[in-house]
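Text of the file work_20.txt, holding compact mmCIF, N, CA and C atoms and all ligand atoms:
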# COMPACT_ATOMS: atom_id res chain seq x y z
N MET H 1 45.35 27.44 -97.93
CA MET H 1 44.80 26.79 -99.11
C MET H 1 43.34 27.21 -99.28
N LYS H 2 42.97 27.53 -100.51
CA LYS H 2 41.59 27.89 -100.79
C LYS H 2 40.70 26.64 -100.89
N TYR H 3 39.46 26.76 -100.45
CA TYR H 3 38.47 25.69 -100.68
C TYR H 3 38.38 25.38 -102.17
N ARG H 4 38.56 26.44 -102.94
CA ARG H 4 38.50 26.34 -104.39
C ARG H 4 39.38 25.22 -104.97
N LEU H 5 40.52 24.98 -104.29
CA LEU H 5 41.47 23.95 -104.78
C LEU H 5 40.89 22.55 -104.78
N MET H 6 39.87 22.33 -103.95
CA MET H 6 39.27 20.99 -103.87
C MET H 6 38.67 20.56 -105.21
N ASP H 7 38.39 21.53 -106.07
CA ASP H 7 37.87 21.26 -107.41
C ASP H 7 38.98 20.75 -108.34
N LEU H 8 40.21 20.86 -107.91
CA LEU H 8 41.35 20.55 -108.78
C LEU H 8 42.25 19.44 -108.24
N LEU H 9 42.25 19.24 -106.91
CA LEU H 9 43.21 18.31 -106.32
C LEU H 9 42.75 16.86 -106.37
N ALA H 10 43.63 16.01 -106.92
CA ALA H 10 43.38 14.56 -106.88
C ALA H 10 44.50 13.93 -106.06
N CYS H 11 44.29 12.71 -105.59
CA CYS H 11 45.33 12.00 -104.84
C CYS H 11 46.54 11.80 -105.76
N PRO H 12 47.74 12.24 -105.35
CA PRO H 12 48.90 12.10 -106.24
C PRO H 12 49.31 10.64 -106.45
N VAL H 13 48.89 9.77 -105.56
CA VAL H 13 49.30 8.37 -105.68
C VAL H 13 48.31 7.56 -106.51
N CYS H 14 47.00 7.63 -106.20
CA CYS H 14 46.04 6.78 -106.92
C CYS H 14 45.12 7.59 -107.84
N LYS H 15 45.26 8.92 -107.83
CA LYS H 15 44.50 9.81 -108.73
C LYS H 15 43.02 9.96 -108.38
N HIS H 16 42.60 9.42 -107.24
CA HIS H 16 41.19 9.53 -106.85
C HIS H 16 40.79 11.00 -106.68
N PHE H 17 39.54 11.30 -107.04
CA PHE H 17 38.98 12.65 -106.94
C PHE H 17 37.50 12.52 -106.62
N PRO H 18 36.94 13.37 -105.80
CA PRO H 18 37.60 14.39 -104.99
C PRO H 18 38.15 13.81 -103.69
N LEU H 19 39.04 14.55 -103.05
CA LEU H 19 39.55 14.16 -101.74
C LEU H 19 38.58 14.66 -100.67
N THR H 20 38.66 14.06 -99.50
CA THR H 20 37.83 14.51 -98.37
C THR H 20 38.65 15.52 -97.57
N LEU H 21 38.00 16.62 -97.23
CA LEU H 21 38.69 17.71 -96.55
C LEU H 21 38.26 17.82 -95.08
N TYR H 22 39.23 17.88 -94.20
CA TYR H 22 38.97 18.18 -92.79
C TYR H 22 39.66 19.51 -92.48
N VAL H 23 38.88 20.47 -92.02
CA VAL H 23 39.42 21.81 -91.76
C VAL H 23 39.61 22.00 -90.26
N PHE H 24 40.80 22.40 -89.85
CA PHE H 24 41.05 22.66 -88.43
C PHE H 24 40.88 24.13 -88.12
N ASN H 25 41.42 25.00 -88.94
CA ASN H 25 41.18 26.44 -88.77
C ASN H 25 41.36 27.19 -90.08
N THR H 26 40.74 28.36 -90.14
CA THR H 26 40.75 29.16 -91.36
C THR H 26 40.99 30.62 -91.00
N ARG H 27 41.27 31.42 -92.00
CA ARG H 27 41.27 32.86 -91.79
C ARG H 27 40.52 33.51 -92.97
N GLU H 28 39.94 34.67 -92.68
CA GLU H 28 39.18 35.40 -93.71
C GLU H 28 40.15 36.13 -94.61
N THR H 29 39.81 36.20 -95.89
CA THR H 29 40.67 36.91 -96.83
C THR H 29 39.77 37.57 -97.88
N GLU H 30 40.36 38.36 -98.76
CA GLU H 30 39.59 39.01 -99.83
C GLU H 30 39.36 38.03 -100.96
N ALA H 31 38.15 38.00 -101.51
CA ALA H 31 37.94 37.23 -102.73
C ALA H 31 38.37 38.10 -103.90
N PRO H 32 38.97 37.51 -104.93
CA PRO H 32 39.33 38.32 -106.10
C PRO H 32 38.06 38.77 -106.82
N PRO H 33 38.13 39.82 -107.65
CA PRO H 33 36.94 40.18 -108.43
C PRO H 33 36.63 39.07 -109.43
N ASN H 34 35.37 38.78 -109.66
CA ASN H 34 34.95 37.68 -110.54
C ASN H 34 35.67 36.37 -110.28
N PRO H 35 35.56 35.85 -109.07
CA PRO H 35 36.26 34.59 -108.79
C PRO H 35 35.73 33.45 -109.67
N LYS H 36 36.62 32.59 -110.05
CA LYS H 36 36.24 31.44 -110.88
C LYS H 36 35.40 30.49 -110.04
N LYS H 37 34.29 30.02 -110.60
CA LYS H 37 33.42 29.09 -109.85
C LYS H 37 33.98 27.68 -109.92
N CYS H 38 33.66 26.90 -108.92
CA CYS H 38 34.03 25.49 -108.96
C CYS H 38 33.27 24.84 -110.11
N GLU H 39 33.92 23.90 -110.79
CA GLU H 39 33.30 23.30 -111.97
C GLU H 39 32.76 21.89 -111.72
N LEU H 40 33.54 21.08 -111.02
CA LEU H 40 33.10 19.70 -110.79
C LEU H 40 32.65 19.49 -109.35
N TYR H 41 33.54 19.90 -108.44
CA TYR H 41 33.30 19.61 -107.02
C TYR H 41 33.63 20.85 -106.21
N CYS H 42 32.71 21.26 -105.34
CA CYS H 42 32.96 22.43 -104.50
C CYS H 42 33.33 21.99 -103.09
N GLY H 43 34.54 22.30 -102.67
CA GLY H 43 35.02 21.90 -101.35
C GLY H 43 34.34 22.64 -100.23
N TYR H 44 33.89 23.86 -100.51
CA TYR H 44 33.22 24.64 -99.47
C TYR H 44 31.84 24.04 -99.16
N HIS H 45 31.16 23.59 -100.20
CA HIS H 45 29.86 22.95 -100.01
C HIS H 45 29.98 21.44 -99.79
N SER H 46 31.18 20.90 -99.95
CA SER H 46 31.41 19.44 -99.89
C SER H 46 30.43 18.69 -100.77
N ALA H 47 30.27 19.13 -102.01
CA ALA H 47 29.31 18.47 -102.89
C ALA H 47 29.70 18.64 -104.35
N TRP H 48 29.25 17.69 -105.15
CA TRP H 48 29.40 17.80 -106.59
C TRP H 48 28.52 18.96 -107.06
N ILE H 49 29.02 19.73 -108.02
CA ILE H 49 28.28 20.89 -108.51
C ILE H 49 26.89 20.48 -109.01
N GLU H 50 26.80 19.36 -109.71
CA GLU H 50 25.49 18.97 -110.24
C GLU H 50 24.51 18.57 -109.13
N GLU H 51 25.04 18.20 -107.96
CA GLU H 51 24.14 17.85 -106.85
C GLU H 51 23.65 19.10 -106.11
N ILE H 52 24.42 20.18 -106.19
CA ILE H 52 24.04 21.40 -105.47
C ILE H 52 22.76 21.98 -106.08
N GLY H 53 22.65 21.88 -107.41
CA GLY H 53 21.39 22.26 -108.04
C GLY H 53 21.25 23.74 -108.31
N GLU H 54 21.78 24.57 -107.41
CA GLU H 54 21.73 26.01 -107.63
C GLU H 54 23.16 26.48 -107.92
N GLU H 55 23.33 27.74 -108.27
CA GLU H 55 24.66 28.31 -108.45
C GLU H 55 25.45 28.16 -107.15
N PRO H 56 26.60 27.52 -107.18
CA PRO H 56 27.36 27.42 -105.93
C PRO H 56 27.84 28.81 -105.48
N ARG H 57 27.84 29.03 -104.18
CA ARG H 57 28.29 30.35 -103.67
C ARG H 57 29.82 30.35 -103.53
N CYS H 58 30.50 30.38 -104.64
CA CYS H 58 31.96 30.20 -104.61
C CYS H 58 32.70 31.44 -104.15
N GLU H 59 32.00 32.59 -104.05
CA GLU H 59 32.65 33.75 -103.43
C GLU H 59 33.11 33.33 -102.03
N GLU H 60 32.30 32.47 -101.37
CA GLU H 60 32.67 32.01 -100.03
C GLU H 60 33.86 31.06 -100.07
N CYS H 61 33.94 30.26 -101.14
CA CYS H 61 35.12 29.38 -101.29
C CYS H 61 36.38 30.21 -101.29
N TRP H 62 36.31 31.34 -101.96
CA TRP H 62 37.49 32.18 -102.15
C TRP H 62 37.80 33.03 -100.93
N ARG H 63 36.78 33.32 -100.13
CA ARG H 63 36.96 34.28 -99.05
C ARG H 63 37.61 33.66 -97.81
N LYS H 64 37.75 32.33 -97.81
CA LYS H 64 38.37 31.70 -96.66
C LYS H 64 39.66 31.00 -97.08
N GLU H 65 40.67 31.17 -96.25
CA GLU H 65 41.93 30.49 -96.47
C GLU H 65 42.03 29.42 -95.38
N ILE H 66 42.23 28.18 -95.80
CA ILE H 66 42.40 27.10 -94.81
C ILE H 66 43.85 27.15 -94.34
N VAL H 67 44.02 27.32 -93.03
CA VAL H 67 45.37 27.45 -92.48
C VAL H 67 45.94 26.07 -92.14
N ASN H 68 45.16 25.31 -91.39
CA ASN H 68 45.57 23.94 -91.03
C ASN H 68 44.40 22.99 -91.28
N GLY H 69 44.73 21.84 -91.83
CA GLY H 69 43.69 20.85 -92.10
C GLY H 69 44.32 19.59 -92.63
N LEU H 70 43.45 18.73 -93.13
CA LEU H 70 43.94 17.44 -93.63
C LEU H 70 43.11 17.03 -94.83
N LEU H 71 43.78 16.46 -95.82
CA LEU H 71 43.11 15.91 -96.99
C LEU H 71 43.20 14.40 -96.90
N TYR H 72 42.09 13.73 -97.19
CA TYR H 72 42.08 12.27 -97.07
C TYR H 72 41.58 11.66 -98.37
N CYS H 73 42.26 10.59 -98.81
CA CYS H 73 41.85 9.87 -100.00
C CYS H 73 41.09 8.62 -99.57
N GLU H 74 39.78 8.59 -99.86
CA GLU H 74 38.94 7.46 -99.44
C GLU H 74 39.32 6.18 -100.18
N LYS H 75 39.98 6.34 -101.33
CA LYS H 75 40.28 5.17 -102.14
C LYS H 75 41.51 4.40 -101.64
N CYS H 76 42.62 5.10 -101.46
CA CYS H 76 43.85 4.38 -101.06
C CYS H 76 44.17 4.56 -99.59
N GLY H 77 43.41 5.41 -98.88
CA GLY H 77 43.62 5.57 -97.44
C GLY H 77 44.75 6.51 -97.06
N ARG H 78 45.31 7.21 -98.04
CA ARG H 78 46.38 8.15 -97.72
C ARG H 78 45.80 9.47 -97.22
N TRP H 79 46.57 10.12 -96.41
CA TRP H 79 46.20 11.47 -95.94
C TRP H 79 47.35 12.41 -96.22
N TYR H 80 47.01 13.68 -96.35
CA TYR H 80 48.00 14.71 -96.66
C TYR H 80 47.75 15.91 -95.75
N PRO H 81 48.82 16.43 -95.13
CA PRO H 81 48.62 17.56 -94.23
C PRO H 81 48.45 18.89 -94.98
N ILE H 82 47.66 19.78 -94.41
CA ILE H 82 47.63 21.19 -94.85
C ILE H 82 48.23 21.97 -93.69
N GLU H 83 49.37 22.58 -93.93
CA GLU H 83 50.07 23.30 -92.86
C GLU H 83 50.45 24.67 -93.34
N ASP H 84 50.20 25.69 -92.50
CA ASP H 84 50.53 27.07 -92.87
C ASP H 84 49.98 27.41 -94.25
N GLU H 85 48.76 26.95 -94.51
CA GLU H 85 48.01 27.25 -95.75
C GLU H 85 48.47 26.46 -96.97
N ILE H 86 49.44 25.57 -96.80
CA ILE H 86 49.96 24.82 -97.95
C ILE H 86 49.57 23.33 -97.86
N PRO H 87 48.89 22.80 -98.88
CA PRO H 87 48.65 21.35 -98.88
C PRO H 87 49.93 20.62 -99.33
N ARG H 88 50.36 19.67 -98.54
CA ARG H 88 51.60 18.95 -98.88
C ARG H 88 51.24 17.60 -99.48
N MET H 89 51.21 17.59 -100.82
CA MET H 89 50.75 16.41 -101.55
C MET H 89 51.95 15.64 -102.09
N LEU H 90 52.68 14.99 -101.20
CA LEU H 90 53.90 14.30 -101.64
C LEU H 90 53.68 12.80 -101.73
N PRO H 91 54.39 12.15 -102.68
CA PRO H 91 54.36 10.69 -102.70
C PRO H 91 55.07 10.14 -101.46
N ASP H 92 54.75 8.90 -101.12
CA ASP H 92 55.23 8.31 -99.86
C ASP H 92 56.74 8.46 -99.63
N ASP H 93 57.53 8.22 -100.68
CA ASP H 93 58.99 8.21 -100.47
C ASP H 93 59.58 9.59 -100.21
N LEU H 94 58.80 10.64 -100.42
CA LEU H 94 59.33 11.98 -100.13
C LEU H 94 58.78 12.54 -98.82
N ARG H 95 58.00 11.72 -98.11
CA ARG H 95 57.42 12.22 -96.86
C ARG H 95 58.34 11.96 -95.68
N ASP H 96 58.21 12.82 -94.68
CA ASP H 96 59.03 12.70 -93.49
C ASP H 96 58.17 12.11 -92.37
N ARG H 97 58.51 10.88 -92.01
CA ARG H 97 57.69 10.15 -91.05
C ARG H 97 57.54 10.91 -89.72
N ASN H 98 58.66 11.43 -89.21
CA ASN H 98 58.60 12.11 -87.91
C ASN H 98 57.69 13.32 -87.95
N LYS H 99 57.79 14.08 -89.03
CA LYS H 99 56.94 15.27 -89.15
C LYS H 99 55.48 14.89 -89.28
N ASP H 100 55.21 13.84 -90.06
CA ASP H 100 53.83 13.42 -90.27
C ASP H 100 53.20 12.90 -88.99
N VAL H 101 53.96 12.11 -88.24
CA VAL H 101 53.44 11.59 -86.98
C VAL H 101 53.21 12.74 -85.99
N ALA H 102 54.11 13.72 -85.99
CA ALA H 102 53.94 14.88 -85.10
C ALA H 102 52.68 15.67 -85.49
N PHE H 103 52.41 15.75 -86.78
CA PHE H 103 51.21 16.45 -87.25
C PHE H 103 49.95 15.73 -86.76
N LEU H 104 49.94 14.41 -86.90
CA LEU H 104 48.77 13.64 -86.44
C LEU H 104 48.57 13.80 -84.94
N ALA H 105 49.67 13.78 -84.21
CA ALA H 105 49.57 13.91 -82.75
C ALA H 105 49.06 15.29 -82.37
N ARG H 106 49.53 16.31 -83.08
CA ARG H 106 49.13 17.68 -82.76
C ARG H 106 47.63 17.90 -82.95
N TRP H 107 47.06 17.32 -84.04
CA TRP H 107 45.66 17.58 -84.38
C TRP H 107 44.74 16.39 -84.07
N LYS H 108 45.25 15.48 -83.27
CA LYS H 108 44.58 14.22 -82.94
C LYS H 108 43.08 14.37 -82.67
N ALA H 109 42.73 15.38 -81.88
CA ALA H 109 41.34 15.56 -81.47
C ALA H 109 40.43 15.91 -82.65
N ARG H 110 41.00 16.35 -83.77
CA ARG H 110 40.21 16.81 -84.91
C ARG H 110 40.22 15.82 -86.07
N ILE H 111 40.97 14.74 -85.93
CA ILE H 111 41.15 13.79 -87.04
C ILE H 111 40.37 12.51 -86.75
N PRO H 112 39.62 12.00 -87.74
CA PRO H 112 38.87 10.77 -87.51
C PRO H 112 39.78 9.61 -87.09
N VAL H 113 39.25 8.78 -86.21
CA VAL H 113 40.03 7.67 -85.65
C VAL H 113 40.58 6.74 -86.74
N LYS H 114 39.78 6.51 -87.79
CA LYS H 114 40.28 5.58 -88.84
C LYS H 114 41.57 6.10 -89.48
N ILE H 115 41.72 7.42 -89.58
CA ILE H 115 42.96 7.97 -90.14
C ILE H 115 44.09 7.87 -89.12
N LEU H 116 43.79 8.16 -87.88
CA LEU H 116 44.82 8.06 -86.83
C LEU H 116 45.37 6.64 -86.72
N ARG H 117 44.46 5.65 -86.92
CA ARG H 117 44.87 4.26 -86.72
C ARG H 117 45.36 3.57 -87.98
N GLU H 118 44.73 3.92 -89.14
CA GLU H 118 45.03 3.16 -90.35
C GLU H 118 45.49 4.01 -91.52
N GLY H 119 45.56 5.33 -91.32
CA GLY H 119 45.95 6.21 -92.41
C GLY H 119 47.32 5.84 -92.99
N LYS H 120 47.46 6.03 -94.28
CA LYS H 120 48.74 5.74 -94.94
C LYS H 120 49.39 7.07 -95.35
N PRO H 121 50.67 7.14 -95.48
CA PRO H 121 51.63 6.06 -95.23
C PRO H 121 52.02 5.93 -93.75
N PHE H 122 51.61 6.88 -92.91
CA PHE H 122 51.97 6.83 -91.50
C PHE H 122 50.73 7.04 -90.65
N ASN H 123 50.73 6.44 -89.47
CA ASN H 123 49.62 6.65 -88.54
C ASN H 123 50.16 6.52 -87.12
N LEU H 124 49.26 6.65 -86.14
CA LEU H 124 49.72 6.63 -84.76
C LEU H 124 49.73 5.22 -84.15
N GLN H 125 49.32 4.24 -84.95
CA GLN H 125 49.21 2.88 -84.45
C GLN H 125 50.53 2.12 -84.50
N GLU H 126 51.38 2.47 -85.47
CA GLU H 126 52.59 1.67 -85.71
C GLU H 126 53.59 1.73 -84.56
ZN ZN H 201 32.97 26.47 -104.76
ZN ZN H 202 44.66 7.84 -103.14
Rewritten as structure tokens:
Amino acid sequence: MKYRLMDLLACPVCKHFPLTLYVFNTRETEAPPNPKKCELYCGYHSAWIEEIGEEPRCEECWRKEIVNGLLYCEKCGRWYPIEDEIPRMLPDDLRDRNKDVAFLARWKARIPVKILREGKPFNLQE
């Protein structure tokens, strides 16, 4: 998943924007010629464009592919896995509890405790 997507992704359940991104690992890739700049929120800089003040360096947003990570919605407390470069933004009823719990367990050391304990729809506390 490109950092660039953070400018577009909202929580599918409560529509909150922007989501909080936790990156576990990335790989380098080619940026396209004339990459589109982030317009509202830049995930690479973790900041609103108007707060950055200068031209955001979005070539860097494009040059990295997030392989594994997690997206978190501060509003409703849901989290979404990024696996094999794909963000899985599914509503609760389409999620697989066993897979989600296995994902949390696998990346436990990299995930904030509040998500491990209270994240929705699944966490390691239940
Ligand atoms: Zn950007
Ligand atoms: Zn939400």
Quick one: residues within 6.5 Å of segment 10-14 of chain H, all atoms listed in the file, excluding same-chain residues fewer than 4 positions away - as a ChimeraX atom specification? /H:18-19,73,89,91
Just the residues within 10 Å of segment 57-67 of chain H, please, counting only C-alpha atoms, with nothing from its chain fewer than 3 positions along; format it as a VMD selection string. chain H and resid 1 to 6 22 to 38 42 to 45 54 70 82 to 87
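Close contacts of Leu40 of chain H, defined as residues with an atom at most 7 Å away when counting only N, CA and C atoms, with chain neighbours fewer than 5 positions off set aside, comprise H:Asp7, H:Ala47, H:Trp48, H:Ile49, H:Glu50.
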I'd like the neighbourhood of Ile115 of chain H as a PyMOL selection string, where a residue qualifies if any of its atoms comes within 8 Å (using all atoms listed in the file), though same-chain residues fewer than 2 positions away should be ignored. chain H and resi 77-79+104+111-113+117-120+122-125
Which is closest to Leu71 of chain H among H:Leu9, H:Leu21, H:Ala105, H:Leu94, if we use only C-alpha atoms? H:Leu21
Which value, in Å to one decimal, gives the distance between atom N of Leu90 of chain H and atom ZN of ligand ZN 202 (chain H)?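 Interatomic distance here is 10.9 Å.
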Atom CA of Phe103 of chain H to atom ZN of ligand ZN 201 (chain H), distance in Å rounded to a single decimal: 27.2 Å
Secondary structure check, strand (DSSP E or B) residues of segment 42-80 of chain H, as a PyMOL selection string: chain H and resi 42+47-48+64-72+78-80
Residues as selected, N, CA and C atoms, written as a CSV table (one decimal), in the frame of the given file, can you do that?
chain,number,residue,atom,x,y,z
H,42,CYS,N,32.7,21.3,-105.3
H,42,CYS,CA,33.0,22.4,-104.5
H,42,CYS,C,33.3,22.0,-103.1
H,47,ALA,N,30.3,19.1,-102.0
H,47,ALA,CA,29.3,18.5,-102.9
H,47,ALA,C,29.7,18.6,-104.4
H,48,TRP,N,29.2,17.7,-105.2
H,48,TRP,CA,29.4,17.8,-106.6
H,48,TRP,C,28.5,19.0,-107.1
H,64,LYS,N,37.8,32.3,-97.8
H,64,LYS,CA,38.4,31.7,-96.7
H,64,LYS,C,39.7,31.0,-97.1
H,65,GLU,N,40.7,31.2,-96.2
H,65,GLU,CA,41.9,30.5,-96.5
H,65,GLU,C,42.0,29.4,-95.4
H,66,ILE,N,42.2,28.2,-95.8
H,66,ILE,CA,42.4,27.1,-94.8
H,66,ILE,C,43.8,27.2,-94.3
H,67,VAL,N,44.0,27.3,-93.0
H,67,VAL,CA,45.4,27.4,-92.5
H,67,VAL,C,45.9,26.1,-92.1
H,68,ASN,N,45.2,25.3,-91.4
H,68,ASN,CA,45.6,23.9,-91.0
H,68,ASN,C,44.4,23.0,-91.3
H,69,GLY,N,44.7,21.8,-91.8
H,69,GLY,CA,43.7,20.8,-92.1
H,69,GLY,C,44.3,19.6,-92.6
H,70,LEU,N,43.4,18.7,-93.1
H,70,LEU,CA,43.9,17.4,-93.6
H,70,LEU,C,43.1,17.0,-94.8
H,71,LEU,N,43.8,16.5,-95.8
H,71,LEU,CA,43.1,15.9,-97.0
H,71,LEU,C,43.2,14.4,-96.9
H,72,TYR,N,42.1,13.7,-97.2
H,72,TYR,CA,42.1,12.3,-97.1
H,72,TYR,C,41.6,11.7,-98.4
H,78,ARG,N,45.3,7.2,-98.0
H,78,ARG,CA,46.4,8.2,-97.7
H,78,ARG,C,45.8,9.5,-97.2
H,79,TRP,N,46.6,10.1,-96.4
H,79,TRP,CA,46.2,11.5,-95.9
H,79,TRP,C,47.4,12.4,-96.2
H,80,TYR,N,47.0,13.7,-96.4
H,80,TYR,CA,48.0,14.7,-96.7
H,80,TYR,C,47.8,15.9,-95.8
From a DSSP calculation on the backbone, collect every residue of chain H in alpha helix (DSSP H) and output the set as a ChimeraX atom specification. /H:49-52,58-63,97-106,113-118
Could you jot down the atom CA of Lys15 of chain H to atom CA of Arg110 of chain H separation for me, Å, one decimal place?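 These atoms are spaced 25.2 Å apart.
Candidate residues H:Trp107, H:Tyr41, H:Tyr80, H:Tyr72 were compared for distance to ligand ZN 201 (chain H), and the nearest is H:Tyr41, using all atoms listed in the file.
The nearest approach to ligand ZN 202 (chain H) among the residues H:Arg106, H:Arg88, H:Glu51, H:Glu74, with only C-alpha atoms and all ligand atoms taken into account, belongs to H:Glu74.
Here the question is which of H:Arg95, H:Lys108, H:His16, H:Lys114 gets nearest to ligand ZN 202 (chain H) using only N, CA and C atoms and all ligand atoms, and that residue is H:His16.
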Looking at H:Leu116, H:Leu8, H:Cys76, H:Ala109, which one is nearest to ligand ZN 202 (chain H), with distances taken over only N, CA and C atoms and all ligand atoms? H:Cys76
